[in-house]
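To be precise, the following lines are entry.txt, and they hold compact mmCIF, C-alpha atoms.
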```txt
# COMPACT_ATOMS: atom_id res chain seq x y z
CA MET A 224 86.87 129.48 89.84
CA ASP A 225 87.34 133.14 90.84
CA ASP A 226 87.65 132.13 94.50
CA ALA A 227 90.24 129.51 93.57
CA LYS A 228 92.29 132.05 91.60
CA GLU A 229 92.07 134.61 94.40
CA GLY A 230 93.15 132.03 96.98
CA ASP A 231 95.96 130.94 94.69
CA ARG A 232 97.22 134.50 94.37
CA ASP A 233 97.08 135.13 98.10
CA ALA A 234 98.91 131.90 98.91
CA ARG A 235 101.63 132.57 96.34
CA GLU A 236 102.31 136.04 97.72
CA THR A 237 103.16 134.65 101.15
CA ALA A 238 104.74 131.35 100.09
CA PRO A 239 108.47 130.59 100.21
CA PRO A 240 110.41 130.79 96.92
CA PRO A 241 110.69 126.99 96.34
CA PHE A 242 106.92 126.61 96.51
CA ARG A 243 106.34 129.60 94.24
CA ALA A 244 108.79 128.17 91.70
CA ALA A 245 107.12 124.75 91.86
CA VAL A 246 103.69 126.30 91.27
CA ASP A 247 104.99 128.48 88.42
CA ALA A 248 106.28 125.33 86.69
CA LEU A 249 102.85 123.70 87.03
CA ARG A 250 101.13 126.74 85.58
CA ALA A 251 103.53 126.93 82.61
CA ALA A 252 103.44 123.23 81.67
CA ARG A 253 102.26 122.34 78.15
CA LEU A 254 99.93 119.35 78.03
CA ARG A 255 98.11 117.20 75.51
CA PRO A 256 95.22 119.02 73.80
CA GLU A 257 92.73 116.49 75.19
CA ILE A 258 93.51 117.66 78.72
CA GLU A 259 91.36 120.47 80.12
CA ILE A 260 92.95 121.71 83.34
CA ASP A 261 92.22 124.52 85.78
CA PRO A 262 93.32 125.58 89.28
CA THR A 263 90.91 124.73 92.07
CA ARG A 264 90.75 125.51 95.76
CA PRO A 265 93.30 123.31 97.60
CA PRO A 266 92.75 121.63 100.97
CA GLN A 267 93.63 123.91 103.88
CA ARG A 268 94.91 121.55 106.57
CA LEU A 269 97.22 119.06 104.89
CA ALA A 270 100.27 121.33 104.74
CA PRO A 271 101.27 124.96 105.33
CA PHE A 272 101.18 125.56 101.56
CA ALA A 273 99.10 123.84 98.90
CA TYR A 274 98.17 124.25 95.26
CA ALA A 275 95.57 122.17 93.41
CA LEU A 276 94.59 121.45 89.84
CA GLU A 277 91.58 119.62 88.45
CA ALA A 278 91.61 118.11 85.00
CA ALA A 279 89.45 116.16 82.58
CA VAL A 280 90.28 114.19 79.47
CA VAL A 281 87.88 115.45 76.81
CA ALA A 282 87.38 114.12 73.28
CA ASP A 283 84.53 115.20 71.00
CA ASP A 284 83.07 117.21 73.88
CA GLU A 285 82.82 114.07 76.04
CA ASP A 286 84.48 113.47 79.43
CA LEU A 287 86.54 110.28 79.36
CA ALA A 288 88.26 110.59 82.75
CA ASP A 289 88.87 113.21 85.40
CA GLY A 290 91.09 113.83 88.37
CA ARG A 291 92.73 116.21 90.79
CA LEU A 292 96.40 116.82 91.55
CA ILE A 293 97.50 118.61 94.74
CA LEU A 294 100.97 119.93 95.49
CA LEU A 295 101.75 120.17 99.21
CA HIS A 296 104.73 121.94 100.77
CA ASP A 297 106.03 122.03 104.32
CA PRO A 298 109.27 124.06 104.50
CA ALA A 299 110.19 122.29 107.75
CA GLY A 300 109.98 118.89 106.09
CA HIS A 301 107.67 116.02 106.91
CA ASP A 302 108.80 112.69 108.36
CA ALA A 303 106.19 110.64 106.49
CA TRP A 304 107.02 112.34 103.20
CA GLN A 305 110.80 112.14 103.61
CA GLY A 306 110.94 115.58 102.02
CA SER A 307 109.30 118.98 101.99
CA PHE A 308 107.01 118.44 98.98
CA ARG A 309 104.26 115.90 98.37
CA LEU A 310 101.97 115.22 95.42
CA VAL A 311 98.49 113.83 96.07
CA THR A 312 96.14 112.65 93.37
CA LEU A 313 92.72 111.24 92.58
CA VAL A 314 92.03 109.81 89.10
CA ARG A 315 88.83 108.08 87.99
CA ALA A 316 87.06 106.74 84.92
CA GLU A 317 84.17 104.46 84.04
CA LEU A 318 84.70 100.85 82.98
CA GLU A 319 82.82 98.07 81.34
CA PRO A 320 81.71 95.63 84.09
CA GLU A 321 83.77 92.84 82.52
CA MET A 322 86.95 94.91 82.76
CA ALA A 323 86.13 95.98 86.32
CA ALA A 324 85.82 92.31 87.31
CA ASP A 325 89.37 91.49 86.18
CA PRO A 326 91.25 90.42 89.34
CA LEU A 327 94.49 91.89 87.99
CA LEU A 328 93.03 95.35 87.41
CA PRO A 329 94.17 96.93 90.73
CA ASP A 330 97.78 95.81 90.25
CA VAL A 331 97.82 96.91 86.62
CA SER A 332 96.27 100.28 87.48
CA TRP A 333 98.87 100.97 90.17
CA SER A 334 101.62 100.06 87.70
CA TRP A 335 100.24 102.71 85.34
CA LEU A 336 101.05 105.39 87.91
CA THR A 337 104.55 104.16 88.72
CA GLY A 338 105.19 103.44 85.04
CA ALA A 339 104.17 106.96 84.03
CA LEU A 340 106.65 108.44 86.52
CA GLN A 341 109.44 106.08 85.49
CA ALA A 342 108.82 106.63 81.77
CA ARG A 343 109.67 110.30 82.24
CA GLY A 344 112.78 109.49 84.28
CA LEU A 345 111.41 111.02 87.47
CA SER A 346 112.88 110.35 90.87
CA TYR A 347 110.36 109.97 93.67
CA GLY A 348 109.92 108.27 97.02
CA GLU A 349 107.43 107.05 99.61
CA PRO A 350 104.63 106.15 97.17
CA SER A 351 101.34 105.03 98.67
CA GLY A 352 97.75 104.73 97.55
CA THR A 353 94.68 102.68 96.78
CA VAL A 354 92.90 101.38 93.68
CA THR A 355 89.14 101.06 94.12
CA ARG A 356 86.56 99.42 91.89
CA ALA A 357 82.96 100.47 92.45
CA SER A 358 79.73 99.25 90.85
CA SER A 359 76.38 101.05 90.79
CA HIS A 360 73.04 99.37 90.16
CA TYR A 361 69.91 101.48 89.67
CA PHE A 362 66.39 100.84 90.96
CA GLY A 363 62.96 102.46 91.02
CA GLY A 364 62.80 105.60 88.95
CA LEU A 365 66.40 105.04 87.84
CA SER A 366 65.95 101.39 86.88
CA GLU A 367 66.31 102.11 83.15
CA ARG A 368 69.93 103.11 83.63
CA PRO A 369 72.45 100.34 82.93
CA ALA A 370 74.75 99.20 85.71
CA ALA A 371 77.94 101.27 85.88
CA SER A 372 81.43 100.44 87.08
CA GLN A 373 84.18 102.90 87.96
CA ILE A 374 87.86 102.70 88.76
CA GLU A 375 89.43 105.20 91.14
CA ILE A 376 93.13 105.65 91.88
CA ARG A 377 94.12 107.61 94.97
CA ALA A 378 97.84 108.05 95.47
CA SER A 379 100.59 110.24 96.83
CA TRP A 380 104.35 110.38 96.39
CA THR A 381 107.31 112.59 97.22
CA PRO A 382 108.95 114.28 94.22
CA ARG A 383 112.70 114.52 94.71
CA GLU A 384 113.92 118.08 95.03
CA GLY A 385 116.39 119.53 92.56
CA LEU A 386 118.27 122.80 92.28
CA GLY A 387 117.19 125.27 94.94
CA GLY A 388 115.10 122.65 96.68
CA VAL A 389 112.49 122.71 93.88
CA PRO A 390 111.12 119.46 92.39
CA ASP A 391 110.44 119.16 88.65
CA THR A 392 106.72 119.65 89.08
CA ALA A 393 106.09 120.21 85.37
CA ALA A 394 107.43 116.74 84.57
CA HIS A 395 105.41 115.20 87.41
CA LEU A 396 102.30 116.93 86.05
CA ALA A 397 103.03 115.55 82.58
CA ALA A 398 103.39 112.04 84.01
CA TRP A 399 100.13 112.46 85.89
CA CYS A 400 98.42 113.52 82.67
CA ASP A 401 99.87 110.43 81.00
CA LEU A 402 98.12 108.38 83.67
CA LEU A 403 94.89 110.31 83.19
CA CYS A 404 94.94 109.70 79.43
CA GLN A 405 95.85 106.07 79.93
CA ILE A 406 92.92 105.38 82.23
CA ALA A 407 90.70 107.23 79.75
CA GLY A 408 91.71 104.78 77.03
CA LEU A 409 93.46 107.26 74.74
CA PRO A 410 96.24 106.01 72.46
CA PRO A 411 99.84 106.95 73.34
CA ALA A 412 100.78 110.55 72.60
CA GLY A 413 103.88 109.70 70.59
CA PRO A 414 106.19 106.94 69.31
CA GLY A 415 108.09 106.90 72.59
CA ASP A 416 104.96 105.81 74.45
CA GLY A 417 104.19 102.75 72.34
CA SER A 418 104.53 100.35 75.27
CA VAL A 419 101.62 101.97 77.11
CA VAL A 420 98.61 99.72 77.56
CA THR A 421 95.36 101.65 77.91
CA LEU A 422 91.86 100.66 78.95
CA PRO A 423 90.27 99.40 75.71
CA GLN A 424 86.97 98.31 77.21
CA ARG A 425 85.82 101.35 79.13
CA ARG A 426 82.17 102.33 79.10
CA GLY A 427 81.13 105.08 76.70
CA PRO A 428 82.01 108.65 77.73
CA GLN A 429 79.72 110.94 79.64
CA SER A 430 78.31 114.13 78.14
CA ARG A 431 79.57 117.36 79.63
```

What would the structure in this file look like if it were written as structure tokens?
Amino acid sequence: MDDAKEGDRDARETAPPPFRAAVDALRAARLRPEIEIDPTRPPQRLAPFAYALEAAVVADDEDLADGRLILLHDPAGHDAWQGSFRLVTLVRAELEPEMAADPLLPDVSWSWLTGALQARGLSYGEPSGTVTRASSHYFGGLSERPAASQIEIRASWTPREGLGGVPDTAAHLAAWCDLLCQIAGLPPAGPGDGSVVTLPQRRGPQSR
């Protein structure tokens, strides 16, 4: 954690103002109390400037889901991004095998991401990603463990830039946390989120 904070400070000192403003908004965002979030060391080769966060949904000292969100910035712009900023994410949680076997699960899971962005009125472009279902079966000395299934969403999108060329990263972070809570099976945060459908059949949480 200390290395991540030191790298964060060094990167921010040399970064252009739009990136510094975008990172400041991420750091100041207020999130649901079930979200535990911290800066982590970002990848070094994806863009000239990067900032990363890792988060977990925690209830009763149990991890329900976890993920990572990375903000990339290339002041010169990037043809594939169609912009100078890009958000990259990984979100994962455990499932009951019956839920993991649902053929509609990948499409529904992807709609959770796009729906979370749209529910907060965010403008974005060039979305891409994958939804992966994985099953683990244990043998030998681990044979007493029950089979486990996991869903994993990997995605990236371009947040549209606003005043001063800075995207509303705080709102994108809030939408990402909505997705994280949704995949964890938490109820909606407020009356405005009543249409959200969560994962009701996930496997029991893991101890921290």

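Separating atom CA of Glu321 of chain A from atom CA of Gly290 of chain A is a distance of 23.0 Å.
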
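As for atom CA of Gly338 of chain A and atom CA of Arg264 of chain A, they are spaced 28.5 Å apart.
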
Surrounding residues of Ile374 of chain A excluding itself and chain neighbours under 3 positions, 8 Å, all atoms listed in the file, as a PDB file with C-alpha atoms, in the frame of the given file:
```
ATOM      1  CA  ARG A 315      88.830 108.080  87.990  1.00  0.00           C
ATOM      2  CA  ALA A 316      87.060 106.740  84.920  1.00  0.00           C
ATOM      3  CA  GLU A 317      84.170 104.460  84.040  1.00  0.00           C
ATOM      4  CA  LEU A 318      84.700 100.850  82.980  1.00  0.00           C
ATOM      5  CA  ALA A 323      86.130  95.980  86.320  1.00  0.00           C
ATOM      6  CA  VAL A 354      92.900 101.380  93.680  1.00  0.00           C
ATOM      7  CA  THR A 355      89.140 101.060  94.120  1.00  0.00           C
ATOM      8  CA  ARG A 356      86.560  99.420  91.890  1.00  0.00           C
ATOM      9  CA  ALA A 357      82.960 100.470  92.450  1.00  0.00           C
TER      10      ALA A 357
END
```

Just the residues within 12 Å of Gly344 of chain A, please, counting only C-alpha atoms, with nothing from its chain fewer than 6 positions along; format it as an MDAnalysis selection string.
-> chainID A and resid 337:338 382:383 391 394:395 397:398

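Atom CA of Leu310 of chain A lies 12.1 Å from atom CA of Pro265 of chain A.
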
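Minimum distance to Asp289 of chain A across A:Gln305, A:Ser351, A:Ser372, A:Thr312 (counting all atoms listed in the file) occurs at A:Thr312.
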
If we count only C-alpha atoms, what is near Ile293 of chain A at a cut-off of 12 Å, once residues fewer than 6 positions away on the same chain are taken out, given as a ChimeraX atom specification?
-> /A:245-246,249,261-267,269-270,272-278,308-314,377-381,392,395-396,399

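Compared by their closest atoms to Cys400 of chain A, and using only C-alpha atoms, the residues A:Arg255, A:Arg268, A:Arg368, A:His360 rank with A:Arg255 nearest.
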
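Closest approach to Glu375 of chain A among A:Gln341, A:Ser346, A:Ser332, A:Ser359: A:Ser332, based on all atoms listed in the file.
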
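Checking A:Glu349, A:Glu285, A:Glu319, A:Glu367 one by one against His301 of chain A, counting only C-alpha atoms, you find the shortest gap at A:Glu349.
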
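Omitting Gly387 of chain A and its sequence neighbours fewer than 6 positions away, and counting only C-alpha atoms, the residues within 10 Å are Pro240, Pro241 and Ala244 of chain A.
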
Filtering to C-alpha atoms, could you give me those residues as a PDB file, keeping the file's coordinate frame?
```pdb
ATOM      1  CA  PRO A 240     110.410 130.790  96.920  1.00  0.00           C
ATOM      2  CA  PRO A 241     110.690 126.990  96.340  1.00  0.00           C
ATOM      3  CA  ALA A 244     108.790 128.170  91.700  1.00  0.00           C
TER       4      ALA A 244
END
```

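Distances here use all atoms listed in the file; by that measure, the residue among A:Pro298, A:Trp304, A:Asp247, A:Ile258 closest to Ala282 of chain A is A:Ile258.
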
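Distances from A:Ala324, A:Leu365, A:Ile376, A:Leu294 to Leu403 of chain A were compared using only C-alpha atoms, and the smallest one belongs to A:Ile376.
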
Could you pull the residues within 8 Å of Ile406 of chain A, counting all atoms listed in the file, minus those fewer than 2 positions along the same chain, as a ChimeraX atom specification?
-> /A:288,315-316,402-404,408-409,421-422
